[in-house]
file data21.cif (mmCIF, C-alpha atoms and all ligand atoms)
data_data
#
loop_
_atom_site.label_atom_id
_atom_site.label_comp_id
_atom_site.auth_asym_id
_atom_site.auth_seq_id
_atom_site.Cartn_x
_atom_site.Cartn_y
_atom_site.Cartn_z
CA MET A 1 107.91 107.25 103.95
CA ASP A 2 104.80 109.07 105.16
CA LEU A 3 101.79 108.81 102.88
CA TYR A 4 101.51 112.54 102.24
CA SER A 5 105.01 113.91 102.64
CA GLY A 6 105.60 116.82 100.28
CA LYS A 7 101.88 117.26 99.70
CA THR A 8 99.77 120.28 100.61
CA ALA A 9 96.16 119.64 101.54
CA LEU A 10 93.27 122.00 102.16
CA VAL A 11 90.52 120.80 104.47
CA THR A 12 87.42 122.91 104.96
CA GLY A 13 85.84 122.74 108.39
CA ALA A 14 89.10 121.54 109.94
CA THR A 15 88.35 122.78 113.46
CA ARG A 16 85.93 120.06 114.57
CA GLY A 17 84.40 116.69 113.78
CA VAL A 18 85.23 114.90 110.55
CA GLY A 19 87.30 117.75 109.11
CA ARG A 20 89.56 117.76 112.13
CA ILE A 21 90.00 113.97 111.92
CA ILE A 22 91.03 114.27 108.27
CA ALA A 23 93.33 117.25 108.88
CA GLU A 24 95.07 115.46 111.76
CA HIS A 25 95.51 112.37 109.61
CA PHE A 26 97.10 114.35 106.77
CA LEU A 27 99.41 116.07 109.27
CA SER A 28 100.41 112.78 110.88
CA GLU A 29 101.22 111.43 107.41
CA GLY A 30 103.55 114.30 106.56
CA ALA A 31 101.34 116.77 104.67
CA SER A 32 101.19 120.52 105.13
CA VAL A 33 97.58 121.32 105.88
CA ILE A 34 95.56 124.47 105.38
CA GLY A 35 92.31 124.56 107.33
CA PHE A 36 89.33 126.79 106.54
CA ALA A 37 86.69 127.57 109.18
CA ARG A 38 85.02 130.58 110.74
CA GLY A 39 86.36 129.84 114.21
CA GLU A 40 89.79 129.80 115.81
CA PRO A 41 92.14 126.92 114.95
CA SER A 42 91.98 123.84 117.14
CA LEU A 43 95.15 122.30 115.68
CA THR A 44 98.58 123.59 116.65
CA ALA A 45 100.96 121.54 114.47
CA ALA A 46 103.73 123.53 112.79
CA ALA A 47 102.62 122.25 109.39
CA TYR A 48 99.08 123.51 109.97
CA HIS A 49 98.00 126.88 108.63
CA HIS A 50 94.58 128.14 109.62
CA VAL A 51 92.49 130.56 107.60
CA GLN A 52 89.41 132.07 109.20
CA VAL A 53 86.83 132.41 106.48
CA ASP A 54 83.07 132.23 106.26
CA LEU A 55 82.39 129.74 103.49
CA ALA A 56 78.86 131.09 103.13
CA ASP A 57 80.44 134.14 101.44
CA PRO A 58 81.86 133.43 97.94
CA MET A 59 83.83 136.69 97.92
CA ALA A 60 85.47 135.79 101.25
CA ILE A 61 86.57 132.45 99.77
CA GLN A 62 88.14 134.19 96.78
CA LYS A 63 89.98 136.54 99.14
CA ALA A 64 91.22 133.57 101.18
CA PHE A 65 92.65 132.06 97.99
CA LEU A 66 94.26 135.35 97.08
CA GLY A 67 96.07 135.08 100.42
CA LEU A 68 97.06 131.48 99.68
CA HIS A 69 98.56 132.43 96.32
CA LYS A 70 101.02 134.58 98.23
CA GLN A 71 101.98 131.76 100.59
CA ILE A 72 101.95 128.52 98.65
CA THR A 73 102.85 127.47 95.15
CA ARG A 74 101.06 124.14 95.03
CA LEU A 75 97.90 122.61 96.37
CA ASP A 76 97.56 118.88 95.92
CA ILE A 77 94.53 117.70 97.84
CA VAL A 78 91.27 119.42 98.71
CA VAL A 79 88.66 118.00 101.05
CA ASN A 80 85.37 119.85 100.88
CA ASN A 81 84.13 118.84 104.30
CA ALA A 82 82.52 121.88 105.95
CA ALA A 83 78.76 121.83 105.95
CA VAL A 84 75.80 123.03 107.95
CA LEU A 85 72.61 121.17 108.69
CA THR A 86 69.17 122.38 109.66
CA SER A 87 66.78 119.47 109.77
CA GLN A 88 63.22 120.73 109.64
CA TYR A 89 59.90 120.09 107.92
CA ALA A 90 59.95 121.95 104.61
CA MET A 91 56.87 123.99 105.42
CA ILE A 92 58.53 125.52 108.48
CA MET A 93 62.18 125.57 107.34
CA PRO A 94 63.47 129.15 107.74
CA PRO A 95 64.54 130.35 104.27
CA ALA A 96 67.78 131.73 105.76
CA ALA A 97 68.70 128.26 107.06
CA ALA A 98 67.96 126.76 103.65
CA GLN A 99 70.10 129.45 102.00
CA ALA A 100 72.96 128.80 104.41
CA MET A 101 72.95 125.10 103.48
CA VAL A 102 73.05 125.93 99.77
CA ASN A 103 75.89 128.40 100.30
CA VAL A 104 78.09 126.35 102.63
CA ASN A 105 77.35 122.82 101.40
CA LEU A 106 77.21 123.41 97.65
CA LEU A 107 78.33 126.82 96.47
CA ALA A 108 81.42 126.87 98.71
CA PRO A 109 82.71 123.49 97.45
CA PHE A 110 82.23 124.80 93.91
CA ILE A 111 84.28 127.95 94.57
CA VAL A 112 86.91 126.11 96.63
CA SER A 113 87.29 123.39 93.97
CA ARG A 114 87.62 125.83 91.10
CA GLU A 115 90.14 127.99 92.92
CA ALA A 116 92.08 124.88 93.93
CA ALA A 117 92.02 123.65 90.33
CA LYS A 118 93.90 126.79 89.33
CA PHE A 119 96.80 125.57 91.48
CA MET A 120 96.42 121.96 90.37
CA ARG A 121 96.50 122.74 86.65
CA LYS A 122 100.01 124.12 87.11
CA SER A 123 101.32 120.97 88.78
CA LYS A 124 99.11 118.70 86.67
CA TRP A 125 98.12 116.72 89.74
CA GLY A 126 95.24 117.01 92.14
CA ARG A 127 92.69 115.20 94.23
CA ILE A 128 89.38 116.83 95.11
CA ILE A 129 87.36 114.89 97.68
CA ASN A 130 83.90 115.94 98.77
CA ILE A 131 82.30 114.75 101.98
CA GLY A 132 78.76 113.73 101.14
CA SER A 133 76.14 112.02 103.22
CA MET A 134 73.95 108.95 103.50
CA ALA A 135 71.07 111.45 103.47
CA VAL A 136 71.36 111.54 99.66
CA SER A 137 70.21 107.96 99.46
CA LEU A 138 68.01 107.73 102.56
CA GLU A 139 66.21 111.05 101.95
CA PRO A 140 65.12 111.49 105.58
CA ILE A 141 62.15 113.69 106.45
CA GLY A 142 63.40 117.15 107.37
CA ASP A 143 66.53 116.91 105.22
CA SER A 144 65.07 118.15 101.91
CA VAL A 145 67.58 120.94 101.38
CA TYR A 146 70.49 119.24 103.16
CA ALA A 147 70.10 116.04 101.12
CA ALA A 148 69.66 118.05 97.91
CA THR A 149 72.89 119.98 98.55
CA LYS A 150 74.74 116.71 99.20
CA ALA A 151 73.31 115.15 96.03
CA GLY A 152 74.41 118.28 94.21
CA LEU A 153 77.90 117.80 95.59
CA SER A 154 78.27 114.49 93.75
CA THR A 155 76.98 116.07 90.54
CA LEU A 156 79.44 118.93 91.00
CA ALA A 157 82.30 116.46 91.37
CA ASN A 158 81.17 114.44 88.35
CA VAL A 159 81.10 117.45 86.03
CA MET A 160 84.36 118.83 87.40
CA ALA A 161 85.89 115.38 86.90
CA LYS A 162 85.33 115.88 83.17
CA GLU A 163 86.66 119.43 83.13
CA PHE A 164 89.71 118.66 85.28
CA GLY A 165 90.46 115.16 83.99
CA PRO A 166 92.95 116.41 81.36
CA MET A 167 94.86 118.12 84.19
CA ASN A 168 95.20 114.80 86.08
CA VAL A 169 92.86 116.06 88.78
CA THR A 170 90.30 113.60 90.12
CA CYS A 171 87.04 114.56 91.81
CA ASN A 172 85.20 112.10 94.03
CA THR A 173 82.66 112.06 96.82
CA LEU A 174 82.58 110.09 100.04
CA GLY A 175 79.08 109.67 101.43
CA ILE A 176 79.50 109.07 105.13
CA THR A 177 77.06 107.65 107.66
CA ALA A 178 76.67 108.86 111.25
CA ILE A 179 79.74 109.71 113.31
CA GLU A 180 79.81 111.53 116.65
CA SER A 181 80.16 115.28 116.06
CA ASP A 182 78.54 118.61 116.84
CA MET A 183 76.45 118.23 113.68
CA LEU A 184 75.17 114.80 114.71
CA SER A 185 74.32 115.97 118.21
CA GLN A 186 71.79 118.41 116.72
CA LEU A 187 69.64 115.46 115.62
CA PRO A 188 67.35 113.35 117.84
CA ARG A 189 69.37 110.27 118.85
CA ASP A 190 66.43 107.85 118.49
CA LYS A 191 65.95 108.95 114.88
CA ILE A 192 69.64 108.39 114.11
CA ASP A 193 69.72 105.02 115.88
CA ALA A 194 66.72 103.86 113.85
CA ILE A 195 68.42 104.90 110.58
CA ILE A 196 71.66 103.18 111.55
CA ALA A 197 69.81 99.99 112.58
CA GLY A 198 68.44 99.78 109.04
CA LEU A 199 71.84 99.93 107.31
CA PRO A 200 73.44 96.80 105.83
CA VAL A 201 76.28 97.35 108.31
CA PRO A 202 74.29 98.62 111.29
CA ARG A 203 76.83 100.71 113.17
CA PHE A 204 78.19 104.25 113.28
CA ALA A 205 81.12 105.20 111.06
CA THR A 206 84.58 105.36 112.64
CA ALA A 207 87.44 107.68 111.79
CA ALA A 208 89.22 104.68 110.24
CA ASP A 209 86.24 103.97 107.93
CA ILE A 210 86.38 107.53 106.63
CA LEU A 211 90.17 107.79 106.34
CA ASN A 212 90.33 104.49 104.46
CA VAL A 213 88.33 105.95 101.57
CA VAL A 214 89.96 109.37 101.77
CA ASP A 215 93.36 107.68 101.43
CA PHE A 216 92.06 105.60 98.53
CA PHE A 217 90.77 108.66 96.64
CA ALA A 218 93.96 110.61 97.39
CA ALA A 219 96.36 107.83 96.43
CA GLU A 220 98.74 108.14 93.52
CA ALA A 221 97.40 104.82 92.27
CA SER A 222 93.84 106.23 92.10
CA SER A 223 94.49 108.50 89.11
CA TYR A 224 91.95 106.43 87.13
CA VAL A 225 89.27 106.75 89.82
CA THR A 226 87.18 109.85 89.29
CA ALA A 227 83.52 110.97 89.26
CA GLN A 228 82.70 108.31 91.85
CA THR A 229 80.57 108.44 94.96
CA VAL A 230 81.39 105.85 97.61
CA PHE A 231 78.93 105.41 100.45
CA LEU A 232 79.96 103.86 103.76
CA GLY A 233 78.02 101.20 105.64
CA GLY A 234 76.28 99.68 102.65
CA VAL A 235 74.20 102.75 101.81
CA ASN A 236 73.58 102.90 98.08
CA MET B 1 106.37 150.25 81.80
CA ASP B 2 102.96 151.95 81.57
CA ARG B 3 99.79 150.15 82.59
CA ARG B 4 98.78 149.18 79.05
CA GLU B 5 102.17 147.61 78.39
CA GLU B 6 102.04 145.79 81.71
CA VAL B 7 98.57 144.33 81.02
CA LEU B 8 99.58 143.37 77.48
CA ALA B 9 102.67 141.63 78.84
CA ILE B 10 100.51 139.63 81.27
CA ILE B 11 98.19 138.48 78.47
CA LEU B 12 101.05 137.61 76.12
CA SER B 13 102.77 135.68 78.88
CA ALA B 14 99.56 133.66 79.42
CA LEU B 15 99.58 132.81 75.69
CA GLU B 16 103.24 131.82 75.90
CA SER B 17 102.45 129.52 78.84
CA LEU B 18 99.64 127.98 76.83
CA ASN B 19 101.99 127.34 73.91
CA LEU B 20 104.30 125.40 76.22
CA GLU B 21 101.45 122.96 76.81
CA LEU B 22 100.30 122.67 73.19
CA PRO B 23 101.75 120.45 70.44
CA GLU B 24 103.76 122.51 67.94
CA ALA B 25 101.08 122.37 65.23
CA GLU B 26 98.44 123.85 67.55
CA ARG B 27 100.49 126.71 69.01
CA VAL B 28 98.99 130.19 68.76
CA LYS B 29 100.59 133.36 67.48
CA VAL B 30 101.62 135.59 70.39
CA GLY B 31 100.89 139.25 69.65
CA PRO B 32 98.46 142.11 70.26
CA THR B 33 96.24 141.18 67.30
CA THR B 34 95.95 137.47 68.10
CA PRO B 35 92.29 136.41 67.96
CA LEU B 36 91.19 134.68 71.16
CA PHE B 37 87.55 133.89 70.48
CA GLY B 38 85.33 133.69 67.40
CA PRO B 39 85.73 132.37 63.87
CA ASP B 40 89.33 133.56 63.45
CA ALA B 41 90.56 132.14 66.73
CA THR B 42 92.62 128.95 66.79
CA LEU B 43 92.27 128.36 70.54
CA ASP B 44 89.83 125.69 71.64
CA SER B 45 87.54 126.46 74.57
CA LEU B 46 89.75 124.77 77.18
CA SER B 47 92.78 126.70 75.97
CA LEU B 48 90.86 129.97 76.22
CA VAL B 49 89.84 129.05 79.79
CA SER B 50 93.52 128.43 80.62
CA VAL B 51 94.49 131.84 79.27
CA ILE B 52 91.68 133.58 81.17
CA VAL B 53 92.64 131.82 84.42
CA ASP B 54 96.32 132.75 84.01
CA VAL B 55 95.48 136.37 83.22
CA GLU B 56 93.01 136.63 86.13
CA THR B 57 95.52 135.11 88.54
CA ALA B 58 98.33 137.41 87.42
CA LEU B 59 96.11 140.52 87.61
CA THR B 60 94.76 139.49 91.00
CA MET B 61 98.27 139.06 92.36
CA ARG B 62 99.57 142.25 90.81
CA TRP B 63 96.68 144.50 91.93
CA ASP B 64 95.96 142.57 95.14
CA ALA B 65 92.21 142.28 94.53
CA PRO B 66 90.10 139.50 93.06
CA ILE B 67 89.57 140.30 89.37
CA SER B 68 87.04 138.39 87.28
CA LEU B 69 87.17 138.67 83.51
CA THR B 70 84.05 136.64 82.91
CA ASP B 71 81.32 138.34 84.92
CA ASP B 72 77.93 139.22 83.42
CA ARG B 73 79.23 142.53 82.18
CA ALA B 74 81.90 140.93 80.00
CA MET B 75 79.49 138.34 78.67
CA SER B 76 76.76 140.81 77.73
CA ARG B 77 78.95 143.12 75.63
CA GLU B 78 78.17 143.51 71.97
CA ILE B 79 81.87 143.33 71.15
CA SER B 80 83.31 140.51 73.22
CA PRO B 81 86.35 141.45 75.32
CA PHE B 82 87.76 138.12 74.19
CA ASP B 83 87.83 138.90 70.47
CA THR B 84 91.56 139.59 70.40
CA VAL B 85 94.46 140.25 72.73
CA GLY B 86 93.88 143.96 72.03
CA THR B 87 90.19 143.97 73.05
CA LEU B 88 91.05 141.99 76.17
CA THR B 89 93.76 144.51 77.05
CA ASP B 90 91.24 147.34 76.70
CA TYR B 91 88.72 145.52 78.87
CA VAL B 92 91.26 144.80 81.60
CA LEU B 93 92.34 148.46 81.61
CA GLU B 94 88.69 149.43 82.06
CA LEU B 95 88.31 147.05 85.03
CA LEU B 96 91.55 148.27 86.58
CA GLN B 97 90.41 151.85 86.25
CA GLU B 98 87.55 150.98 88.61
CA ILE B 99 89.61 149.24 91.28
CA ALA B 100 92.81 151.29 90.98
CA PRO B 101 92.34 154.52 89.00
CA ALA B 102 95.55 155.38 87.17
N1 LIG C 301 78.55 113.76 111.62
C1 LIG C 301 77.76 113.02 110.90
O1 LIG C 301 77.10 112.09 111.42
C2 LIG C 301 77.67 113.21 109.42
C3 LIG C 301 76.86 112.35 108.68
C4 LIG C 301 76.81 112.49 107.29
C5 LIG C 301 77.56 113.47 106.68
N2 LIG C 301 78.32 114.32 107.43
C6 LIG C 301 79.10 115.33 106.72
O2 LIG C 301 80.42 115.32 107.25
C7 LIG C 301 80.99 116.64 107.13
C8 LIG C 301 81.54 117.06 108.49
O3 LIG C 301 80.48 117.09 109.42
P1 LIG C 301 80.73 117.18 111.00
O4 LIG C 301 79.75 116.28 111.60
O5 LIG C 301 82.17 117.02 111.27
O6 LIG C 301 80.26 118.71 111.24
P2 LIG C 301 80.59 119.70 112.47
O7 LIG C 301 81.07 118.92 113.64
O8 LIG C 301 79.39 120.55 112.62
O9 LIG C 301 81.82 120.57 111.90
C9 LIG C 301 81.62 121.42 110.82
C10 LIG C 301 82.90 122.12 110.45
O10 LIG C 301 82.60 123.00 109.35
C11 LIG C 301 82.96 124.33 109.70
N3 LIG C 301 81.97 125.27 109.14
C12 LIG C 301 80.64 125.25 109.28
N4 LIG C 301 80.09 126.31 108.67
C13 LIG C 301 81.10 127.03 108.15
C14 LIG C 301 81.17 128.26 107.43
N5 LIG C 301 80.08 128.98 107.13
N6 LIG C 301 82.38 128.71 107.05
C15 LIG C 301 83.51 128.01 107.37
N7 LIG C 301 83.49 126.86 108.04
C16 LIG C 301 82.31 126.37 108.44
C17 LIG C 301 82.96 124.36 111.23
O11 LIG C 301 83.85 125.34 111.74
P3 LIG C 301 83.34 126.81 112.27
O12 LIG C 301 82.06 126.58 113.02
O13 LIG C 301 84.48 127.29 113.09
O14 LIG C 301 83.14 127.64 111.05
C18 LIG C 301 83.48 122.96 111.56
O15 LIG C 301 84.88 122.94 111.53
C19 LIG C 301 79.86 117.53 106.60
O16 LIG C 301 80.02 117.65 105.22
C20 LIG C 301 78.62 116.75 106.92
O17 LIG C 301 77.56 117.08 106.06
C21 LIG C 301 78.39 114.21 108.79
#

call {"tool": "encode", "arguments": {"input": "data21.cif", "output": "structure tokens"}}
result
Amino acid sequence: MDLYSGKTALVTGATRGVGRIIAEHFLSEGASVIGFARGEPSLTAAAYHHVQVDLADPMAIQKAFLGLHKQITRLDIVVNNAAVLTSQYAMIMPPAAAQAMVNVNLLAPFIVSREAAKFMRKSKWGRIINIGSMAVSLEPIGDSVYAATKAGLSTLANVMAKEFGPMNVTCNTLGITAIESDMLSQLPRDKIDAIIAGLPVPRFATAADILNVVDFFAAEASSYVTAQTVFLGGVN
Amino acid sequence: MDRREEVLAIILSALESLNLELPEAERVKVGPTTPLFGPDATLDSLSLVSVIVDVETALTMRWDAPISLTDDRAMSREISPFDTVGTLTDYVLELLQEIAPA
């Protein structure tokens, strides 16, 4: 039987990069998938339902969930993946870019998780998985706000793990290393290569590395695994 | 059913749902005078959150607009909207009057 048959998963930022990889994986393993992003859908599977929403706007997220309540009765897995990155020295970081990172990378996962938990409390089952970053541990120059939002994401999951634990909902964070994507291509390649060379496992992350941990967090057998952050590549 | 009766029914149904999840000894009385919050209330904080979430969801679906019962306005009131089922009904009616005047 497929890993996720009968399950409904929501993946934010499902149009590109890591979110698309995760959404495709869930679909190939039998899940129904809802994708959130501002842009048009890039997946065409029958079991894929796309919602165009700007995650920087909390009200828009609530409206998107209002729409979902009319279409679905259960939501089993949430992957808070969408994020934005502006890497810049603090003294010249545009405040609007900093605000966008706080809104999309931290506030949106909070709203999405709490709205999802309202579904999950009914079925008494849920898996909330946040996509974090090696930046939390490596604290690279230029990533003050980005790294802080990703650190906040783990804290968010850890507190929610306590609140949602009695509902059999787990909340965990996967801190990924570098993987080819539009976000990565914004950064100078020599800087990324130098960071990767310094990791215990000095290579880029693959889709399989990411999906391995996503599947672990989402598994039925992982009901006793919550409030954890797992970093790839030996980052700690 | 008039609007007050409809809102009251939504709140009472949320309490009934809560009772389904609680052990018999902890079940709450379901009626318009049931205390929800404060010294007379028998609900613990998580149970009250469950009731609020169920009521918000039902109102949001029924009136097709996001409705929050716990914004700053509710929290800063001298008499909490969450004192009893009755005060919550009044508060919801007030909110509805703004989004969908009767
Ligand atoms: N790639 C890496 O090397 C790397 C390393 C560490 C951590 N990460 C983390 O991995 C996750 C995925 O990154 P990625 O590299 O796949 O990023 P990406 O290629 O830039 O894709 C980002 C996705 O998020 C969506 N998104 C962005 N802003 C949004 C908004 N305001 N509202 C709704 N959707 C929005 C985008 O869709 P629209 O543009 O259509 O809205 C897109 O689908 C992020 O959490 C990132 O921090 C990535």

call {"tool": "residues_around", "arguments": {"input": "data21.cif", "residues": "range 69-74 of chain B", "least_positions_apart": "6", "cutoff": "7 Å", "atoms": "all atoms listed in the file", "output": "list of chain:residue names"}}
result
B:Glu56, B:Ser80, B:Pro81

call {"tool": "residues_around", "arguments": {"input": "data21.cif", "residues": "Pro66 in chain B", "least_positions_apart": "4", "cutoff": "9 Å", "atoms": "only C-alpha atoms", "output": "NGL selection string"}}
result
(:A and (59 or 62-63 or 66)) or (:B and (56-57 or 59-61))

call {"tool": "write_last_selection", "arguments": {"input": "data21.cif", "atoms": "C-alpha atoms", "output": "compact mmCIF listing (two decimals), in the frame of the given file"}}
result
# COMPACT_ATOMS: atom_id res chain seq x y z
CA MET A 59 83.83 136.69 97.92
CA GLN A 62 88.14 134.19 96.78
CA LYS A 63 89.98 136.54 99.14
CA LEU A 66 94.26 135.35 97.08
CA GLU B 56 93.01 136.63 86.13
CA THR B 57 95.52 135.11 88.54
CA LEU B 59 96.11 140.52 87.61
CA THR B 60 94.76 139.49 91.00
CA MET B 61 98.27 139.06 92.36

call {"tool": "axis_aligned_box", "arguments": {"input": "data21.cif", "around": "range 54-59 of chain B", "padding_each_side": "3 Å", "output": "AutoDock Vina command-line options"}}
result
--center_x 95.7 --center_y 136.6 --center_z 85.9 --size_x 11.3 --size_y 13.8 --size_z 11.3

call {"tool": "closest_residue", "arguments": {"input": "data21.cif", "among": "A:Thr15, A:Gln88, A:Gln52, A:Gln71", "to": "chain B", "atoms": "only C-alpha atoms"}}
result
A:Gln71

call {"tool": "interface_residues", "arguments": {"input": "data21.cif", "of": "chain B", "to": "chain A", "cutoff": "12 Å", "atoms": "only C-alpha atoms", "output": "PyMOL selection string"}}
result
chain B and resi 17-18+20-21+45-47+49-68

call {"tool": "residues_near_point", "arguments": {"input": "data21.cif", "point": "(65.2, 118.8, 109.1)", "cutoff": "7 Å", "atoms": "only C-alpha atoms", "output": "ChimeraX atom specification"}}
result
/A:86-89,141-143

call {"tool": "atom_distance", "arguments": {"input": "data21.cif", "atom1": "CA of Cys171 in chain A", "atom2": "CA of Ala157 in chain A"}}
result
5.1 Å

call {"tool": "atom_distance", "arguments": {"input": "data21.cif", "atom1": "CA of Leu43 in chain B", "atom2": "CA of Lys29 in chain B"}}
result
10.2 Å

call {"tool": "closest_residue", "arguments": {"input": "data21.cif", "among": "A:Val33, A:Ile92, A:Val102, A:Ile179", "to": "ligand LIG 301 (chain C)", "atoms": "all atoms listed in the file"}}
result
A:Ile179

call {"tool": "decode", "arguments": {"input": "data21.cif", "residues": "range 227-235 of chain A", "atoms": "all heavy atoms", "output": "tab-separated table (two decimals), in the first residue's frame"}}
result
chain	number	residue	atom	x	y	z
A	227	ALA	N	8.53	17.78	19.00
A	227	ALA	CA	9.39	18.86	19.51
A	227	ALA	C	10.87	18.60	19.20
A	227	ALA	O	11.73	18.94	20.00
A	227	ALA	CB	9.18	19.06	21.00
A	228	GLN	N	11.14	18.01	18.05
A	228	GLN	CA	12.53	17.71	17.68
A	228	GLN	C	12.93	18.52	16.45
A	228	GLN	O	12.12	18.76	15.56
A	228	GLN	CB	12.70	16.21	17.36
A	228	GLN	CG	12.32	15.29	18.50
A	228	GLN	CD	13.09	15.59	19.78
A	228	GLN	OE1	14.31	15.67	19.76
A	228	GLN	NE2	12.37	15.76	20.88
A	229	THR	N	14.19	18.91	16.43
A	229	THR	CA	14.76	19.49	15.21
A	229	THR	C	15.87	18.57	14.74
A	229	THR	O	16.79	18.26	15.50
A	229	THR	CB	15.33	20.90	15.48
A	229	THR	OG1	14.25	21.75	15.90
A	229	THR	CG2	15.97	21.49	14.23
A	230	VAL	N	15.74	18.11	13.51
A	230	VAL	CA	16.77	17.25	12.91
A	230	VAL	C	17.47	18.06	11.82
A	230	VAL	O	16.82	18.59	10.92
A	230	VAL	CB	16.14	15.98	12.29
A	230	VAL	CG1	17.18	15.22	11.46
A	230	VAL	CG2	15.57	15.08	13.39
A	231	PHE	N	18.77	18.19	11.94
A	231	PHE	CA	19.54	18.85	10.89
A	231	PHE	C	20.15	17.80	9.97
A	231	PHE	O	20.59	16.74	10.43
A	231	PHE	CB	20.67	19.68	11.49
A	231	PHE	CG	20.21	20.96	12.14
A	231	PHE	CD1	20.18	21.08	13.52
A	231	PHE	CD2	19.82	22.04	11.36
A	231	PHE	CE1	19.75	22.27	14.12
A	231	PHE	CE2	19.40	23.22	11.96
A	231	PHE	CZ	19.36	23.34	13.34
A	232	LEU	N	20.21	18.12	8.68
A	232	LEU	CA	20.89	17.23	7.72
A	232	LEU	C	22.40	17.51	7.72
A	232	LEU	O	22.85	18.56	8.20
A	232	LEU	CB	20.33	17.46	6.31
A	232	LEU	CG	18.85	17.14	6.10
A	232	LEU	CD1	18.45	17.43	4.65
A	232	LEU	CD2	18.55	15.67	6.45
A	233	GLY	N	23.15	16.58	7.17
A	233	GLY	CA	24.55	16.83	6.85
A	233	GLY	C	25.49	16.97	8.03
A	233	GLY	O	26.63	17.41	7.85
A	234	GLY	N	24.99	16.68	9.22
A	234	GLY	CA	25.88	16.78	10.39
A	234	GLY	C	25.89	18.15	11.03
A	234	GLY	O	26.64	18.39	11.98
A	235	VAL	N	25.05	19.06	10.54
A	235	VAL	CA	24.91	20.37	11.21
A	235	VAL	C	24.32	20.12	12.59
A	235	VAL	O	23.45	19.26	12.75
A	235	VAL	CB	23.95	21.28	10.38
A	235	VAL	CG1	23.69	22.58	11.10
A	235	VAL	CG2	24.51	21.51	8.98
